[in-house]
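File shown here: start-v3.txt, holding compact mmCIF, C-alpha atoms.
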```
# COMPACT_ATOMS: atom_id res chain seq x y z
CA MET A 1 -4.58 -9.68 8.33
CA THR A 2 -5.48 -6.75 10.60
CA ASP A 3 -8.18 -7.44 13.20
CA LEU A 4 -11.03 -5.00 12.62
CA THR A 5 -11.97 -5.21 16.29
CA ASN A 6 -8.57 -3.92 17.37
CA ILE A 7 -7.89 -0.87 15.20
CA HIS A 8 -6.19 2.22 16.55
CA THR A 9 -8.47 5.21 17.08
CA PRO A 10 -7.70 7.73 14.31
CA VAL A 11 -5.66 10.77 15.26
CA LEU A 12 -7.69 13.83 16.38
CA LEU A 13 -10.89 11.96 15.55
CA ASP A 14 -13.24 14.20 17.57
CA ASP A 15 -11.76 17.32 15.98
CA CYS A 16 -12.11 15.84 12.49
CA VAL A 17 -15.77 15.02 13.12
CA ARG A 18 -16.39 18.49 14.56
CA LEU A 19 -14.91 20.13 11.47
CA VAL A 20 -16.54 17.94 8.81
CA VAL A 21 -20.04 17.14 10.07
CA PRO A 22 -21.63 20.65 10.17
CA ALA A 23 -21.54 20.66 6.34
CA LEU A 24 -23.58 17.41 6.25
CA ASP A 25 -26.67 18.44 8.19
CA HIS A 26 -29.16 18.24 5.31
CA PRO A 27 -30.82 15.54 3.21
CA GLY A 28 -28.67 14.18 0.40
CA ALA A 29 -25.40 15.50 1.81
CA VAL A 30 -22.27 13.91 0.34
CA VAL A 31 -18.83 13.66 1.94
CA VAL A 32 -15.75 12.22 0.24
CA ASP A 33 -13.10 10.52 2.35
CA CYS A 34 -10.18 10.69 -0.06
CA THR A 35 -7.94 8.46 2.07
CA LEU A 36 -10.37 5.85 3.36
CA GLY A 37 -7.87 3.45 4.95
CA LEU A 38 -9.71 1.21 7.40
CA ALA A 39 -12.65 3.67 7.59
CA GLY A 40 -11.99 4.96 11.11
CA HIS A 41 -12.85 8.53 10.17
CA ALA A 42 -15.51 7.49 7.65
CA THR A 43 -17.58 5.47 10.12
CA ALA A 44 -17.45 8.35 12.61
CA PHE A 45 -18.64 10.82 9.97
CA LEU A 46 -21.60 8.67 8.96
CA LYS A 47 -22.65 8.00 12.55
CA ALA A 48 -22.55 11.72 13.34
CA ALA A 49 -24.35 12.71 10.10
CA PRO A 50 -27.31 10.34 9.57
CA GLN A 51 -28.50 12.18 6.43
CA ALA A 52 -25.17 11.91 4.63
CA ARG A 53 -23.67 9.48 2.14
CA LEU A 54 -19.94 8.86 2.01
CA ILE A 55 -17.69 8.09 -0.96
CA GLY A 56 -14.56 6.32 0.23
CA ILE A 57 -11.52 6.50 -2.07
CA ASP A 58 -8.41 4.39 -1.55
CA ARG A 59 -5.69 3.11 -3.86
CA ASP A 60 -4.97 0.15 -1.55
CA GLU A 61 -7.32 -2.66 -2.58
CA GLU A 62 -6.77 -4.61 0.63
CA ALA A 63 -7.66 -1.60 2.78
CA LEU A 64 -10.69 -0.89 0.61
CA GLY A 65 -12.00 -4.41 1.08
CA MET A 66 -11.52 -4.30 4.83
CA ALA A 67 -13.16 -0.88 5.08
CA THR A 68 -16.15 -2.17 3.12
CA LEU A 69 -16.46 -5.09 5.52
CA ARG A 70 -16.28 -2.71 8.45
CA MET A 71 -19.06 -0.55 7.02
CA LYS A 72 -21.24 -3.63 6.67
CA GLU A 73 -20.54 -4.69 10.25
CA GLU A 74 -21.42 -1.17 11.43
CA GLY A 75 -24.69 -1.20 9.47
CA LEU A 76 -23.58 1.74 7.31
CA GLU A 77 -23.10 0.06 3.92
CA ASP A 78 -26.30 1.59 2.47
CA ARG A 79 -24.75 5.05 2.77
CA PHE A 80 -21.26 4.07 1.64
CA ILE A 81 -19.71 3.89 -1.84
CA PRO A 82 -16.19 2.39 -2.01
CA VAL A 83 -13.96 3.43 -4.93
CA HIS A 84 -10.57 1.98 -5.85
CA ALA A 85 -8.60 4.99 -7.07
CA ALA A 86 -5.84 7.40 -6.14
CA PHE A 87 -7.14 10.61 -4.59
CA ASP A 88 -5.88 12.73 -7.48
CA GLU A 89 -8.58 11.00 -9.57
CA PHE A 90 -11.16 12.96 -7.54
CA ASP A 91 -12.81 14.59 -10.57
CA ASP A 92 -13.01 11.29 -12.46
CA VAL A 93 -14.60 9.54 -9.49
CA LEU A 94 -17.33 12.17 -9.19
CA GLU A 95 -17.94 12.15 -12.94
CA GLU A 96 -18.42 8.38 -12.94
CA LEU A 97 -20.87 8.70 -10.04
CA GLY A 98 -22.78 11.51 -11.75
CA LEU A 99 -22.02 14.05 -9.01
CA ARG A 100 -21.31 17.70 -9.70
CA ARG A 101 -20.84 18.96 -6.14
CA VAL A 102 -20.02 17.56 -2.70
CA ASP A 103 -20.54 19.03 0.76
CA ALA A 104 -17.28 17.98 2.38
CA ALA A 105 -13.97 16.35 1.57
CA PHE A 106 -11.53 14.88 4.04
CA MET A 107 -7.91 13.76 3.66
CA ASP A 108 -5.76 11.93 6.22
CA LEU A 109 -2.33 11.93 4.60
CA GLY A 110 -0.68 9.54 7.05
CA LEU A 111 -0.21 5.84 6.51
CA SER A 112 -3.23 3.76 7.42
CA SER A 113 -3.14 1.34 10.36
CA LEU A 114 -3.10 -1.49 7.83
CA GLN A 115 0.02 -0.18 6.09
CA ILE A 116 1.81 0.52 9.38
CA ASP A 117 0.90 -2.69 11.16
CA GLU A 118 1.17 -5.24 8.38
CA THR A 119 4.72 -6.42 7.86
CA ASP A 120 4.92 -7.62 4.27
CA ARG A 121 5.29 -4.39 2.27
CA GLY A 122 8.34 -2.78 3.86
CA PHE A 123 6.73 0.48 4.99
CA SER A 124 8.35 0.17 8.41
CA TYR A 125 11.93 -0.35 9.54
CA SER A 126 10.52 -2.24 12.56
CA HIS A 127 9.96 -5.44 10.55
CA ASP A 128 12.09 -7.15 7.95
CA ALA A 129 10.17 -7.26 4.67
CA PRO A 130 10.71 -6.70 0.94
CA LEU A 131 11.31 -3.04 0.09
CA ASP A 132 7.96 -2.46 -1.56
CA MET A 133 6.17 0.59 -0.03
CA ARG A 134 3.48 0.71 -2.72
CA MET A 135 0.09 1.85 -1.48
CA ASP A 136 -1.37 0.48 -4.71
CA THR A 137 0.19 -2.93 -5.26
CA SER A 138 -0.88 -2.92 -8.92
CA GLN A 139 1.66 -0.13 -9.49
CA GLY A 140 4.60 -1.35 -11.51
CA PHE A 141 7.64 -0.25 -9.49
CA ASP A 142 8.58 -0.22 -5.81
CA ALA A 143 11.15 1.12 -3.35
CA ALA A 144 13.71 -1.59 -4.14
CA GLN A 145 13.75 -0.56 -7.79
CA ILE A 146 14.26 3.08 -6.88
CA LEU A 147 17.25 2.19 -4.69
CA ALA A 148 18.63 -0.06 -7.42
CA GLU A 149 18.21 2.30 -10.37
CA TYR A 150 17.99 5.98 -9.43
CA PRO A 151 21.19 8.01 -9.93
CA GLN A 152 23.04 8.99 -6.77
CA ASP A 153 22.23 12.70 -7.07
CA GLU A 154 18.52 11.90 -7.38
CA LEU A 155 18.63 9.72 -4.27
CA VAL A 156 20.28 12.62 -2.46
CA ARG A 157 17.49 14.96 -3.58
CA ILE A 158 14.76 12.57 -2.43
CA PHE A 159 16.30 12.01 1.00
CA ARG A 160 16.89 15.74 1.51
CA GLU A 161 13.62 17.05 0.13
CA TYR A 162 11.18 14.42 1.33
CA GLY A 163 13.01 13.21 4.44
CA GLN A 164 14.96 16.31 5.47
CA GLU A 165 17.86 13.93 6.01
CA ARG A 166 21.11 15.80 6.75
CA PHE A 167 23.24 12.75 5.82
CA ALA A 168 21.51 12.27 2.47
CA LYS A 169 24.72 12.35 0.44
CA PRO A 170 26.71 9.71 2.35
CA ILE A 171 23.63 7.48 2.58
CA ALA A 172 23.02 7.73 -1.18
CA ARG A 173 26.71 7.09 -1.86
CA ALA A 174 26.62 3.96 0.31
CA ILE A 175 23.49 2.70 -1.48
CA VAL A 176 25.17 3.12 -4.88
CA ARG A 177 28.32 1.33 -3.67
CA GLN A 178 26.22 -1.49 -2.24
CA ARG A 179 24.16 -2.02 -5.39
CA GLU A 180 27.31 -2.49 -7.46
CA LYS A 181 27.72 -5.73 -5.47
CA GLU A 182 24.09 -6.56 -4.72
CA PRO A 183 21.04 -4.25 -4.63
CA LEU A 184 19.20 -3.68 -1.38
CA LYS A 185 16.06 -5.81 -1.26
CA THR A 186 14.72 -5.72 2.31
CA SER A 187 13.84 -3.15 4.93
CA ARG A 188 16.40 -4.64 7.32
CA GLN A 189 19.21 -4.23 4.79
CA LEU A 190 18.34 -0.56 4.31
CA ASP A 191 17.93 -0.02 8.05
CA GLU A 192 21.35 -1.54 8.73
CA LEU A 193 23.00 0.49 5.96
CA VAL A 194 21.66 3.78 7.35
CA ASP A 195 22.67 2.70 10.86
CA ARG A 196 26.26 2.24 9.64
CA ILE A 197 26.37 5.63 7.93
CA VAL A 198 24.70 8.07 10.36
CA PRO A 199 27.09 9.03 13.18
CA LYS A 200 25.76 8.09 16.60
CA SER A 201 26.70 11.53 17.93
CA HIS A 202 24.42 13.25 15.36
CA ARG A 203 21.27 11.16 15.68
CA ALA A 204 17.86 12.52 16.56
CA LYS A 205 15.53 10.57 18.82
CA GLY A 206 14.30 7.33 17.32
CA ASN A 207 15.52 5.12 14.51
CA PRO A 208 18.07 6.91 12.26
CA ALA A 209 16.47 5.33 9.17
CA LYS A 210 13.01 6.82 9.67
CA ARG A 211 13.64 9.84 7.43
CA VAL A 212 14.97 7.69 4.60
CA PHE A 213 11.97 5.35 4.81
CA GLN A 214 9.60 8.32 4.79
CA ALA A 215 11.31 9.86 1.77
CA LEU A 216 11.17 6.60 -0.17
CA ARG A 217 7.48 6.11 0.59
CA ILE A 218 6.67 9.61 -0.67
CA GLU A 219 8.67 9.04 -3.85
CA VAL A 220 7.26 5.58 -4.57
CA ASN A 221 3.68 6.80 -4.29
CA GLY A 222 4.12 10.29 -5.77
CA GLU A 223 2.31 11.67 -2.73
CA LEU A 224 3.18 15.37 -2.95
CA ASP A 225 2.48 15.59 -6.69
CA LYS A 226 -0.89 13.92 -6.16
CA LEU A 227 -1.76 16.19 -3.23
CA GLY A 228 -0.95 19.29 -5.28
CA ARG A 229 -3.29 18.12 -8.05
CA THR A 230 -6.09 17.00 -5.72
CA LEU A 231 -6.70 20.09 -3.59
CA PRO A 232 -7.81 22.30 -6.52
CA GLN A 233 -10.08 19.53 -7.80
CA ILE A 234 -11.79 19.39 -4.40
CA ALA A 235 -12.19 23.17 -4.22
CA ASN A 236 -13.89 23.32 -7.61
CA ARG A 237 -16.31 20.57 -6.55
CA LEU A 238 -17.33 22.00 -3.16
CA ALA A 239 -20.82 23.41 -2.79
CA PRO A 240 -21.08 26.77 -0.99
CA GLY A 241 -20.93 25.98 2.71
CA GLY A 242 -18.85 22.91 1.92
CA ARG A 243 -15.74 22.05 3.90
CA LEU A 244 -12.24 20.80 3.13
CA VAL A 245 -10.41 19.22 6.08
CA VAL A 246 -6.87 17.80 5.86
CA GLU A 247 -4.58 16.01 8.32
CA SER A 248 -0.87 16.15 7.44
CA TYR A 249 2.04 14.32 9.03
CA HIS A 250 4.95 15.82 7.11
CA SER A 251 6.04 19.45 6.89
CA LEU A 252 6.00 19.43 3.08
CA GLU A 253 2.45 18.08 3.06
CA ASP A 254 1.32 20.70 5.56
CA ARG A 255 3.05 23.47 3.61
CA THR A 256 1.25 22.35 0.44
CA VAL A 257 -2.11 22.38 2.22
CA LYS A 258 -1.47 25.70 3.96
CA THR A 259 -0.35 27.40 0.74
CA PHE A 260 -3.37 26.13 -1.16
CA MET A 261 -5.87 27.22 1.47
CA ALA A 262 -4.25 30.67 1.73
CA GLN A 263 -5.27 31.38 -1.86
CA GLY A 264 -8.91 31.54 -0.78
CA LEU A 265 -8.36 33.05 2.65
CA ASN A 266 -6.73 36.27 1.47
CA VAL A 267 -8.05 39.30 -0.41
CA ASP A 268 -7.23 38.94 -4.10
CA ALA A 269 -6.36 42.58 -4.75
CA PRO A 270 -3.43 44.99 -4.40
CA VAL A 271 -2.87 46.05 -0.79
CA ASP A 272 -3.18 49.76 -1.65
CA LEU A 273 -6.54 49.42 -3.43
CA PRO A 274 -8.90 51.86 -1.63
CA VAL A 275 -12.00 49.70 -2.14
CA VAL A 276 -11.86 45.93 -2.44
CA PRO A 277 -14.37 44.61 -5.00
CA ALA A 278 -16.74 41.92 -3.78
CA ASP A 279 -15.29 39.50 -6.31
CA ALA A 280 -11.83 39.92 -4.74
CA GLN A 281 -12.96 39.09 -1.22
CA PRO A 282 -11.88 35.75 0.31
CA PHE A 283 -13.95 32.71 -0.59
CA PHE A 284 -12.63 30.44 2.17
CA LYS A 285 -13.21 30.82 5.89
CA GLU A 286 -10.60 29.31 8.20
CA LEU A 287 -12.00 26.71 10.60
CA THR A 288 -8.90 25.94 12.63
CA ARG A 289 -6.97 29.22 13.17
CA GLY A 290 -3.78 27.74 11.88
CA ALA A 291 -3.16 24.05 12.41
CA LEU A 292 -4.54 21.94 15.25
CA LYS A 293 -2.08 19.58 16.90
CA ALA A 294 -2.40 16.56 19.16
CA ASP A 295 -2.11 17.34 22.86
CA GLN A 296 0.30 15.55 25.18
CA ALA A 297 -2.33 13.07 26.37
CA GLU A 298 -3.05 11.92 22.80
CA ILE A 299 0.65 11.73 21.96
CA GLU A 300 1.28 9.54 25.00
CA HIS A 301 -1.65 7.31 24.06
CA ASN A 302 -0.70 7.23 20.36
CA PRO A 303 2.88 8.36 19.54
CA ARG A 304 1.95 8.38 15.82
CA SER A 305 -0.06 11.55 16.47
CA ALA A 306 2.96 13.69 17.42
CA PRO A 307 3.61 15.24 13.96
CA VAL A 308 -0.03 15.74 12.94
CA ARG A 309 -1.25 19.12 11.65
CA LEU A 310 -5.00 19.47 11.06
CA ARG A 311 -6.38 22.29 8.91
CA GLY A 312 -9.86 23.08 7.65
CA VAL A 313 -11.65 25.70 5.56
CA GLU A 314 -15.25 26.36 4.59
CA LEU A 315 -16.30 27.65 1.16
CA THR A 316 -18.31 30.79 1.94
CA ARG A 317 -19.43 31.60 -1.63
CA GLU A 318 -19.01 30.49 -5.21
CA ILE A 319 -15.36 30.49 -6.25
CA PRO A 320 -14.69 33.35 -8.73
CA GLU A 321 -14.38 32.17 -12.31
CA ARG A 322 -10.74 33.20 -12.64
CA TRP A 323 -9.91 31.02 -9.64
CA ARG A 324 -11.94 28.13 -11.01
CA ILE A 325 -9.92 28.30 -14.23
CA ARG A 326 -6.66 28.47 -12.29
CA PHE A 327 -7.64 25.52 -10.08
CA ALA A 328 -8.65 23.51 -13.13
CA GLN A 329 -5.24 24.18 -14.67
CA ASP A 330 -3.43 23.30 -11.43
CA SER A 331 -5.31 20.02 -11.15
CA LYS A 332 -4.28 19.03 -14.66
CA GLU A 333 -0.65 20.05 -14.38
CA ASP A 334 1.41 16.98 -15.06
CA PRO A 335 4.75 17.10 -13.26
CA VAL A 336 7.17 14.35 -14.20
CA HIS A 337 5.36 11.35 -12.76
CA THR A 338 7.40 8.97 -10.66
CA PRO A 339 6.91 6.04 -13.09
CA ASP A 340 8.23 8.12 -16.01
CA ARG A 341 11.10 9.43 -13.89
CA HIS A 342 11.90 5.91 -12.80
CA ALA A 343 12.02 4.63 -16.38
CA ALA A 344 14.29 7.50 -17.44
CA PHE A 345 16.65 6.91 -14.53
CA ALA A 346 16.79 3.20 -15.27
CA ARG A 347 17.76 3.93 -18.88
CA ASP A 348 20.46 6.36 -17.72
CA LEU A 349 21.86 3.85 -15.28
CA ARG A 350 22.01 1.09 -17.92
CA HIS A 351 23.70 3.53 -20.30
CA ASP A 352 26.32 4.45 -17.69
CA ARG A 353 26.97 0.78 -16.91
CA ASN A 354 27.36 -0.02 -20.60
CA LYS A 355 29.85 2.83 -21.00
CA ARG A 356 31.86 1.61 -18.02
CA SER A 357 31.75 -1.93 -19.34
CA GLN A 358 32.89 -0.80 -22.80
CA GLY A 359 35.67 1.24 -21.23
CA THR A 360 36.87 -1.78 -19.28
CA ARG A 361 36.96 -3.90 -22.44
CA ASN A 362 38.88 -1.19 -24.30
CA GLN A 363 41.43 -0.97 -21.50
CA GLY A 364 41.94 -4.74 -21.42
CA ASN A 365 44.68 -4.79 -24.13
CA PRO A 366 46.45 -1.44 -24.61
CA GLY A 367 48.49 -2.85 -27.50
CA GLU A 368 45.33 -3.37 -29.52
CA ARG A 369 44.33 0.27 -29.09
CA ARG A 370 47.71 1.37 -30.49
CA ARG A 371 47.16 -0.83 -33.55
```

Is it possible to express this structure as structure tokens?
Amino acid sequence: MTDLTNIHTPVLLDDCVRLVVPALDHPGAVVVDCTLGLAGHATAFLKAAPQARLIGIDRDEEALGMATLRMKEEGLEDRFIPVHAAFDEFDDVLEELGLRRVDAAFMDLGLSSLQIDETDRGFSYSHDAPLDMRMDTSQGFDAAQILAEYPQDELVRIFREYGQERFAKPIARAIVRQREKEPLKTSRQLDELVDRIVPKSHRAKGNPAKRVFQALRIEVNGELDKLGRTLPQIANRLAPGGRLVVESYHSLEDRTVKTFMAQGLNVDAPVDLPVVPADAQPFFKELTRGALKADQAEIEHNPRSAPVRLRGVELTREIPERWRIRFAQDSKEDPVHTPDRHAAFARDLRHDRNKRSQGTRNQGNPGERRR
């Protein structure tokens, strides 16, 4: 169990507070922390905004319970509503609470201190643990099942796309060879396999398995799909003057956030139009001038802050109706969910094994085939 008195200070905490809190300076203000974790950001927001209430969403029940305890210890529980959900259920959460608009929404897309520091769910290659990696432990499948059942070409795609791993193909090939004997079940087994495959002369700084672990975590939890569905839900729920602030730790996450925000930061009209209609003017105002990054002092104090990219926008006016419709469609788009993909891959793998098994039986007595 993580000690609540010894929790790491969240990355860029002062900057996050500075970006979020100005939207909360009025009675009845509501902020949603979509990635509550252990409530490091959330407690800072409530302390800096005494008129605000905070809805804390997290899919990790253990983290949610510990965050709730922390709020009570800080004397903030009267202004705090914990919700067990994934952040792409943003609309549903607000509907159940009877809220139409919010004044700010915050997302910290990194792993929480609980998930990093606890050793029993296999998020880290630093500790030997079952290959789980589920943020929501009620979810039906985990990292071990993906390694045991996904086709080789799909493992290659995951490692390349989500981990930017240059040795994705030989790593995936080794995993498939290994599972024919015995599937990988622990973080140490995966760490050792990657260590055997990645040439020492081509290794970046740090553990060579870190990209594979990152890619698996993103796949297990469907993080990029969920992020792409959540951002438009938040935009459609922001009150004018409301703010959206996001911390990303992965280039694909940051690209998703940047691309989404750009839709409201740019003029929505042809470049050669002599007069830009008011309705085509931007509806977001950039708060960060690109992405804020941790300085060297923070990186030295907390190495986990090195990859962070912090972006924020303010909604300057009502979102035009055509954009509201588009955002509503984007939030409902249903890419192939990881659970469905996993089930399909498992069926394919069983089918391939059955074919190979049947072929072996047919080859066992050539004379019978001639008869």

Skipping near chain neighbours, those fewer than 2 positions away, what residues fall within 12 Å of A:Lys258 using only C-alpha atoms, listed as a PDB file with C-alpha atoms, keeping the file's coordinate frame?
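Listed below is the output, result_18.pdb:
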```
ATOM      1  CA  LEU A 227      -1.760  16.190  -3.230  1.00  0.00           C
ATOM      2  CA  GLY A 228      -0.950  19.290  -5.280  1.00  0.00           C
ATOM      3  CA  LEU A 231      -6.700  20.090  -3.590  1.00  0.00           C
ATOM      4  CA  LEU A 244     -12.240  20.800   3.130  1.00  0.00           C
ATOM      5  CA  VAL A 245     -10.410  19.220   6.080  1.00  0.00           C
ATOM      6  CA  VAL A 246      -6.870  17.800   5.860  1.00  0.00           C
ATOM      7  CA  GLU A 247      -4.580  16.010   8.320  1.00  0.00           C
ATOM      8  CA  SER A 248      -0.870  16.150   7.440  1.00  0.00           C
ATOM      9  CA  SER A 251       6.040  19.450   6.890  1.00  0.00           C
ATOM     10  CA  LEU A 252       6.000  19.430   3.080  1.00  0.00           C
ATOM     11  CA  GLU A 253       2.450  18.080   3.060  1.00  0.00           C
ATOM     12  CA  ASP A 254       1.320  20.700   5.560  1.00  0.00           C
ATOM     13  CA  ARG A 255       3.050  23.470   3.610  1.00  0.00           C
ATOM     14  CA  THR A 256       1.250  22.350   0.440  1.00  0.00           C
ATOM     15  CA  PHE A 260      -3.370  26.130  -1.160  1.00  0.00           C
ATOM     16  CA  MET A 261      -5.870  27.220   1.470  1.00  0.00           C
ATOM     17  CA  ALA A 262      -4.250  30.670   1.730  1.00  0.00           C
ATOM     18  CA  GLN A 263      -5.270  31.380  -1.860  1.00  0.00           C
ATOM     19  CA  GLY A 264      -8.910  31.540  -0.780  1.00  0.00           C
ATOM     20  CA  LEU A 265      -8.360  33.050   2.650  1.00  0.00           C
ATOM     21  CA  GLU A 286     -10.600  29.310   8.200  1.00  0.00           C
ATOM     22  CA  THR A 288      -8.900  25.940  12.630  1.00  0.00           C
ATOM     23  CA  ARG A 289      -6.970  29.220  13.170  1.00  0.00           C
ATOM     24  CA  GLY A 290      -3.780  27.740  11.880  1.00  0.00           C
ATOM     25  CA  ALA A 291      -3.160  24.050  12.410  1.00  0.00           C
ATOM     26  CA  ARG A 309      -1.250  19.120  11.650  1.00  0.00           C
ATOM     27  CA  LEU A 310      -5.000  19.470  11.060  1.00  0.00           C
ATOM     28  CA  ARG A 311      -6.380  22.290   8.910  1.00  0.00           C
ATOM     29  CA  GLY A 312      -9.860  23.080   7.650  1.00  0.00           C
ATOM     30  CA  VAL A 313     -11.650  25.700   5.560  1.00  0.00           C
TER      31      VAL A 313
END
```

>> I'd like to know which of A:Phe106, A:His26, A:Pro170, A:Ile146 is closest to A:Asp195, using all atoms listed in the file.
In response: A:Pro170

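We find atom CA of A:Arg173 and atom CA of A:Pro130 to be spaced 21.3 Å apart.
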
>> Taking all atoms listed in the file into account, name the residue in A:Lys210, A:His301, A:Arg237, A:His202 that is nearest to A:Leu315.
In response: A:Arg237

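The spacing separating atom CA of A:Glu62 from atom CA of A:Arg79 amounts to 20.5 Å.
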
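Using all atoms listed in the file for every distance, the candidate list A:Asp132, A:Asp15, A:Glu95, A:Asp103 yields A:Asp132 as the residue closest to A:Lys185.
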
Report, as JSON, the axis-aligned box around all atoms of stretch 215-228 of chain A present in the file, extended by 4 Å on each side; give centre and edge lengths in Å to one decimal place.
```
{"center_x": 4.8, "center_y": 12.4, "center_z": -2.5, "size_x": 21.1, "size_y": 21.7, "size_z": 16.5}
```

Sorted by chain and rising residue number, which residues of stretch 204-296 of chain A lie within 9 Å of stretch 151-161 of chain A, and what are their closest atom pairs and distances in Å to one decimal, counting only C-alpha atoms, as CSV?
```
residue,atom,partner,partner_atom,distance
A:Arg211,CA,A:Phe159,CA,7.3
A:Val212,CA,A:Phe159,CA,5.8
A:Phe213,CA,A:Phe159,CA,8.8
A:Gln214,CA,A:Phe159,CA,8.5
A:Ala215,CA,A:Phe159,CA,5.5
A:Leu216,CA,A:Ile158,CA,7.3
A:Ile218,CA,A:Ile158,CA,8.8
A:Glu219,CA,A:Ile158,CA,7.2
A:Leu252,CA,A:Glu161,CA,8.5
```

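Closest approach to A:Gln51 among A:Ile175, A:Leu24, A:Leu224, A:Ala105: A:Leu24, based on all atoms listed in the file.
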
> Do you know which residues are at most 10 Å from A:Arg196 counting all atoms listed in the file, after dropping those on the same chain fewer than 6 positions away, and could you put them as a VMD selection string?
Replying inline: chain A and resid 171 174 190 208

> Quick one: of A:Arg229, A:His250, A:His127, A:Arg304, who's nearest to A:Arg188, counting all atoms listed in the file?
Replying inline: A:His127

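Interatomic distance, atom CA of A:Arg326 to atom CA of A:Val271: 21.3 Å.
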
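Among the candidate residues A:Ala104, A:Ala52, A:Leu19, A:Ala67, the one lying nearest to A:Asp33 is A:Ala104, with distances computed using only C-alpha atoms.
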
Considering all atoms listed in the file, return as a tab-separated table (two decimals) with C-alpha atoms, in the frame of the given file whatever protein or nucleic-acid residues lie within 12 Å of A:Val30, sequence-local ones (same chain, fewer than 6 positions apart) excluded.
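To be explicit, this is the file written out as selection08.tsv:
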```tsv
chain	number	residue	atom	x	y	z
A	20	VAL	CA	-16.54	17.94	8.81
A	21	VAL	CA	-20.04	17.14	10.07
A	22	PRO	CA	-21.63	20.65	10.17
A	23	ALA	CA	-21.54	20.66	6.34
A	24	LEU	CA	-23.58	17.41	6.25
A	42	ALA	CA	-15.51	7.49	7.65
A	45	PHE	CA	-18.64	10.82	9.97
A	46	LEU	CA	-21.60	8.67	8.96
A	49	ALA	CA	-24.35	12.71	10.10
A	50	PRO	CA	-27.31	10.34	9.57
A	51	GLN	CA	-28.50	12.18	6.43
A	52	ALA	CA	-25.17	11.91	4.63
A	53	ARG	CA	-23.67	9.48	2.14
A	54	LEU	CA	-19.94	8.86	2.01
A	55	ILE	CA	-17.69	8.09	-0.96
A	56	GLY	CA	-14.56	6.32	0.23
A	79	ARG	CA	-24.75	5.05	2.77
A	80	PHE	CA	-21.26	4.07	1.64
A	81	ILE	CA	-19.71	3.89	-1.84
A	94	LEU	CA	-17.33	12.17	-9.19
A	97	LEU	CA	-20.87	8.70	-10.04
A	99	LEU	CA	-22.02	14.05	-9.01
A	100	ARG	CA	-21.31	17.70	-9.70
A	101	ARG	CA	-20.84	18.96	-6.14
A	102	VAL	CA	-20.02	17.56	-2.70
A	103	ASP	CA	-20.54	19.03	0.76
A	104	ALA	CA	-17.28	17.98	2.38
A	105	ALA	CA	-13.97	16.35	1.57
A	106	PHE	CA	-11.53	14.88	4.04
A	237	ARG	CA	-16.31	20.57	-6.55
A	238	LEU	CA	-17.33	22.00	-3.16
A	239	ALA	CA	-20.82	23.41	-2.79
A	242	GLY	CA	-18.85	22.91	1.92
A	243	ARG	CA	-15.74	22.05	3.90
```
